[in-house]
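Student: Got a structure for you, written out below as C-alpha cells; questions coming shortly.
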Amino acid sequence: MATWQPPPGETTLARSPGSFATGTATAVSGMRWFRDTERNDIQSDLAGWPDGPVFTVLSKSERRARAAGAFGVRAAALAVLAVVEAVAAAGSVGSSPRGTGRSHDHENEVDDFPVLWAGPGTLARTLPWQLDPSRCPENYRTHIVVTDRRVLVIGFPDDDTTQDEVLWQTDRDLIANVERRTYTRVGLEAVITFTDGSWCRLAPPEASDHWEVVRHLAYASELVAPEALTPGQKERVAALVAERPAFRTVVTRRPSGNFTIELTSEPVPDPIEGSDPRLRIMGPDGEHVNFEPGDL
C-alpha cells in the first residue's frame, strides 16, 4: 500500500482531516444524528455500519439542569480567561479560542443535530461509517480529498498515510451545493448537499478559520496550467515557491476573476495558524489584489 495519489491528468486540490460534526447547543451537545427526510433515525439501516451510541435530544428540564450546571463552570472559566487575556495583552501567550457564533439553522443546530440527511437510495447513505467519531477506532484517521474531478474519503491507521484506503468517492458533478457553517465550536464546518437532495455535515477535527476542503468544494476551482500564466503571474509564483520549496504549486482562477496560488504538500498540509501562509491571491499580471467573495 502507499499514500493515495490521483492518476495522471487529475490534480489534488486539497487533503484535510475531516469527520461528521458534533452538536454544540445544550440540547444536542456532544451528539449527532443520522436522519431520513421524515427526521427518523436511520443509523441502524445504513449498510455495513457497526453499532454505535443512540443519542436522545435533551428535554427542556434536562436542558435547564445542564445549563444551570454549566453556568458555574462558565463563571469560573471566565475568571480564568480574564487572567489569561491580561497575560496575553502583555505578549506572553496567544489569544483565546474561537467561540460559537449565532445559529442560522435552529431546527438542525439547536433542536436537533443531523449530520446525515438521506432518504432511501440517496448518495449520502453511502458515506463510510469511519467518518463517525463515535464509531471510528481511536487509532484510525479519515481525510477528505478534493481533486478537480472527485471527492474522496481516505482512511488510514496509526497516522500512517502509506496505508491509505479509499473508503468512498463521488464525482464533483454530484455535489449541488456546499455551505459553510460557523455555529459550533470548531469554527468552520460544511453542509454538503448532493444533487439528489441528501446532505451531510462535516467538520475539521479542531477549531479552524481555514479548511481548504471547503474552499475547493464551495466554489468551482478552475485549474490554470503553468504555461498559461502571464509573465507577472509566473514571477509571483516563483517567489512563493522560493519561500517554501518543499511544496507543490496549484494555481486556480476564482469566480471573482482573481487567481489563487496555493502550495500543497502530500498528503497533508502543515498546520495553519491564523492566516494561511500557503495561499496567495493575485490579479491577471501577478499584482496584489484583495480577497473577494468566493476566493476563500
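Here, A, B, ... name the chains of the C-alpha cells in the order displayed, residue numbers run from 1 inside each chain, and ligands are numbered from 1 in the same displayed order.
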Determine, for each residue of stretch 195-277 of chain A having at least one atom at most 12 Å from an atom of stretch 175-186 of chain A, the closest pair of atoms and their separation in Å to one decimal, counting only C-alpha atoms; order by chain and ascending number, as JSON lines.
Tutor:
```
{"residue": "A:Thr195", "atom": "CA", "partner": "A:Ala176", "partner_atom": "CA", "distance": 4.9}
{"residue": "A:Asp196", "atom": "CA", "partner": "A:Ala176", "partner_atom": "CA", "distance": 8.4}
{"residue": "A:Gly197", "atom": "CA", "partner": "A:Ala176", "partner_atom": "CA", "distance": 8.3}
{"residue": "A:Ser198", "atom": "CA", "partner": "A:Ala176", "partner_atom": "CA", "distance": 9.9}
{"residue": "A:Trp199", "atom": "CA", "partner": "A:Asn177", "partner_atom": "CA", "distance": 9.3}
{"residue": "A:Cys200", "atom": "CA", "partner": "A:Val178", "partner_atom": "CA", "distance": 9.8}
{"residue": "A:Arg201", "atom": "CA", "partner": "A:Arg181", "partner_atom": "CA", "distance": 9.1}
{"residue": "A:Leu202", "atom": "CA", "partner": "A:Arg181", "partner_atom": "CA", "distance": 9.7}
{"residue": "A:Ala203", "atom": "CA", "partner": "A:Val186", "partner_atom": "CA", "distance": 7.3}
{"residue": "A:Pro204", "atom": "CA", "partner": "A:Val186", "partner_atom": "CA", "distance": 7.2}
{"residue": "A:Pro205", "atom": "CA", "partner": "A:Val186", "partner_atom": "CA", "distance": 7.4}
{"residue": "A:Glu206", "atom": "CA", "partner": "A:Val186", "partner_atom": "CA", "distance": 5.3}
{"residue": "A:Ala207", "atom": "CA", "partner": "A:Val186", "partner_atom": "CA", "distance": 3.9}
{"residue": "A:Ser208", "atom": "CA", "partner": "A:Val186", "partner_atom": "CA", "distance": 6.2}
{"residue": "A:Asp209", "atom": "CA", "partner": "A:Val186", "partner_atom": "CA", "distance": 8.7}
{"residue": "A:His210", "atom": "CA", "partner": "A:Val186", "partner_atom": "CA", "distance": 10.8}
{"residue": "A:Trp211", "atom": "CA", "partner": "A:Arg180", "partner_atom": "CA", "distance": 9.9}
{"residue": "A:Glu212", "atom": "CA", "partner": "A:Arg180", "partner_atom": "CA", "distance": 11.6}
{"residue": "A:Val213", "atom": "CA", "partner": "A:Val178", "partner_atom": "CA", "distance": 10.4}
{"residue": "A:Val214", "atom": "CA", "partner": "A:Arg180", "partner_atom": "CA", "distance": 7.3}
{"residue": "A:Arg215", "atom": "CA", "partner": "A:Arg180", "partner_atom": "CA", "distance": 9.2}
{"residue": "A:His216", "atom": "CA", "partner": "A:Val178", "partner_atom": "CA", "distance": 9.7}
{"residue": "A:Leu217", "atom": "CA", "partner": "A:Val178", "partner_atom": "CA", "distance": 6.4}
{"residue": "A:Ala218", "atom": "CA", "partner": "A:Val178", "partner_atom": "CA", "distance": 4.8}
{"residue": "A:Tyr219", "atom": "CA", "partner": "A:Val178", "partner_atom": "CA", "distance": 8.1}
{"residue": "A:Ala220", "atom": "CA", "partner": "A:Asn177", "partner_atom": "CA", "distance": 10.6}
```
Student: Do you know which residues are at most 9 Å from stretch 134-138 of chain A counting only C-alpha atoms, after dropping those on the same chain fewer than 3 positions away, and could you put them as JSON, numbers by chain?
Tutor: {"A": [49, 50, 51, 52, 53, 129, 130, 131, 141, 142, 157, 158]}
Student: In Å, with one decimal, what is the gap from atom CA of A:Asp45 to atom CA of A:Ala118?
Tutor: 11.1 Å
Student: Would you mind reading off the distance between atom CA of A:Thr252 and atom CA of A:Leu13, one decimal, in Å?
Tutor: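 Calculated distance between atom CA of A:Thr252 and atom CA of A:Leu13 is 9.4 Å.
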Student: Identify which of the residues A:Ala14, A:Asp112, A:Thr162, A:Glu107 lies closest to A:Leu58, counting only C-alpha atoms when measuring atom-to-atom distances.
Tutor: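 Checking each of A:Ala14, A:Asp112, A:Thr162, A:Glu107 against A:Leu58, counting only C-alpha atoms, the winner is A:Asp112.
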Student: Could you pull out all residues of stretch 9-240 of chain A with a DSSP call of strand (DSSP E or B) and give them as a VMD selection string?
Tutor: chain A and resid 12 to 17 19 to 20 33 to 35 41 114 to 117 140 to 147 150 to 157 165 to 171 175 to 181 189 to 194 199 to 203 222 to 223
Student: Check the smallest atom-to-atom distance from each of A:Ile192, A:Met31, A:Ile144, A:Val151 to A:Asp164 using only C-alpha atoms, then report the winner.
Tutor: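 Among A:Ile192, A:Met31, A:Ile144, A:Val151, it is A:Ile144 that comes nearest to A:Asp164.
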Student: Could you tell me which of A:Pro8, A:Ile281, A:Ile42, A:Phe55 comes closest to A:Gly30 if we count only C-alpha atoms?
Tutor: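 Smallest separation from A:Gly30 among the options: A:Phe55.
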Student: From the set A:Gln163, A:Thr12, A:Ser44, A:Leu123, which residue has the shortest atom-to-atom contact distance to A:Tyr140, counting only C-alpha atoms?
Tutor: A:Gln163
Student: Nearest to A:Gly9: which of A:Ala225, A:Leu279, A:Val251, A:Leu167 is it, counting only C-alpha atoms?
Tutor: A:Ala225
Student: Quick one: pick out all alpha helix (DSSP H) residues within stretch 91-293 of chain A from a backbone DSSP run and write them as a PyMOL selection string.
Tutor: chain A and resi 106-109+212-218+231-243
Student: Any chance you could export the current selection's C-alpha atoms as a CSV table (one decimal), in the first residue's frame?
Tutor:
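So part_29.csv came out as:
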```csv
chain,number,residue,atom,x,y,z
A,106,HIS,CA,-32.1,26.5,14.6
A,107,GLU,CA,-34.0,23.3,13.7
A,108,ASN,CA,-30.8,21.4,12.7
A,109,GLU,CA,-28.3,23.0,15.0
A,212,GLU,CA,-9.1,24.2,2.3
A,213,VAL,CA,-11.5,21.3,1.6
A,214,VAL,CA,-14.4,23.8,1.9
A,215,ARG,CA,-12.7,26.4,-0.3
A,216,HIS,CA,-12.3,24.0,-3.2
A,217,LEU,CA,-15.8,22.5,-2.8
A,218,ALA,CA,-17.9,25.6,-2.2
A,231,PRO,CA,4.9,36.8,-17.0
A,232,GLY,CA,3.9,38.7,-13.9
A,233,GLN,CA,2.0,35.7,-12.5
A,234,LYS,CA,4.9,33.4,-13.2
A,235,GLU,CA,7.2,35.7,-11.2
A,236,ARG,CA,4.8,35.8,-8.3
A,237,VAL,CA,4.5,32.0,-8.2
A,238,ALA,CA,8.3,31.6,-8.4
A,239,ALA,CA,8.7,34.0,-5.4
A,240,LEU,CA,6.3,31.9,-3.3
A,241,VAL,CA,7.9,28.7,-4.3
A,242,ALA,CA,11.3,30.1,-3.3
A,243,GLU,CA,9.9,30.7,0.2
```
Student: Measure the distance from atom CA of A:Asn139 to atom CA of A:Thr11 in Å and round it to one decimal.
Tutor: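 Answer for the atom CA of A:Asn139 to atom CA of A:Thr11 separation: 28.6 Å.
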Student: I want to know what sits within 6 Å of stretch 244-250 of chain A, based on only C-alpha atoms, with residues of the same chain fewer than 2 positions away left out; could you give that as a PyMOL selection string?
Tutor: chain A and resi 241-242+261-265
Student: Select, from A:Ser256, A:Thr126, A:Ala25, A:Pro133, the residue with the minimum atom-to-atom distance to A:Gly294, counting only C-alpha atoms.
Tutor: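 Among the listed residues, the smallest separation from A:Gly294 belongs to A:Ser256.
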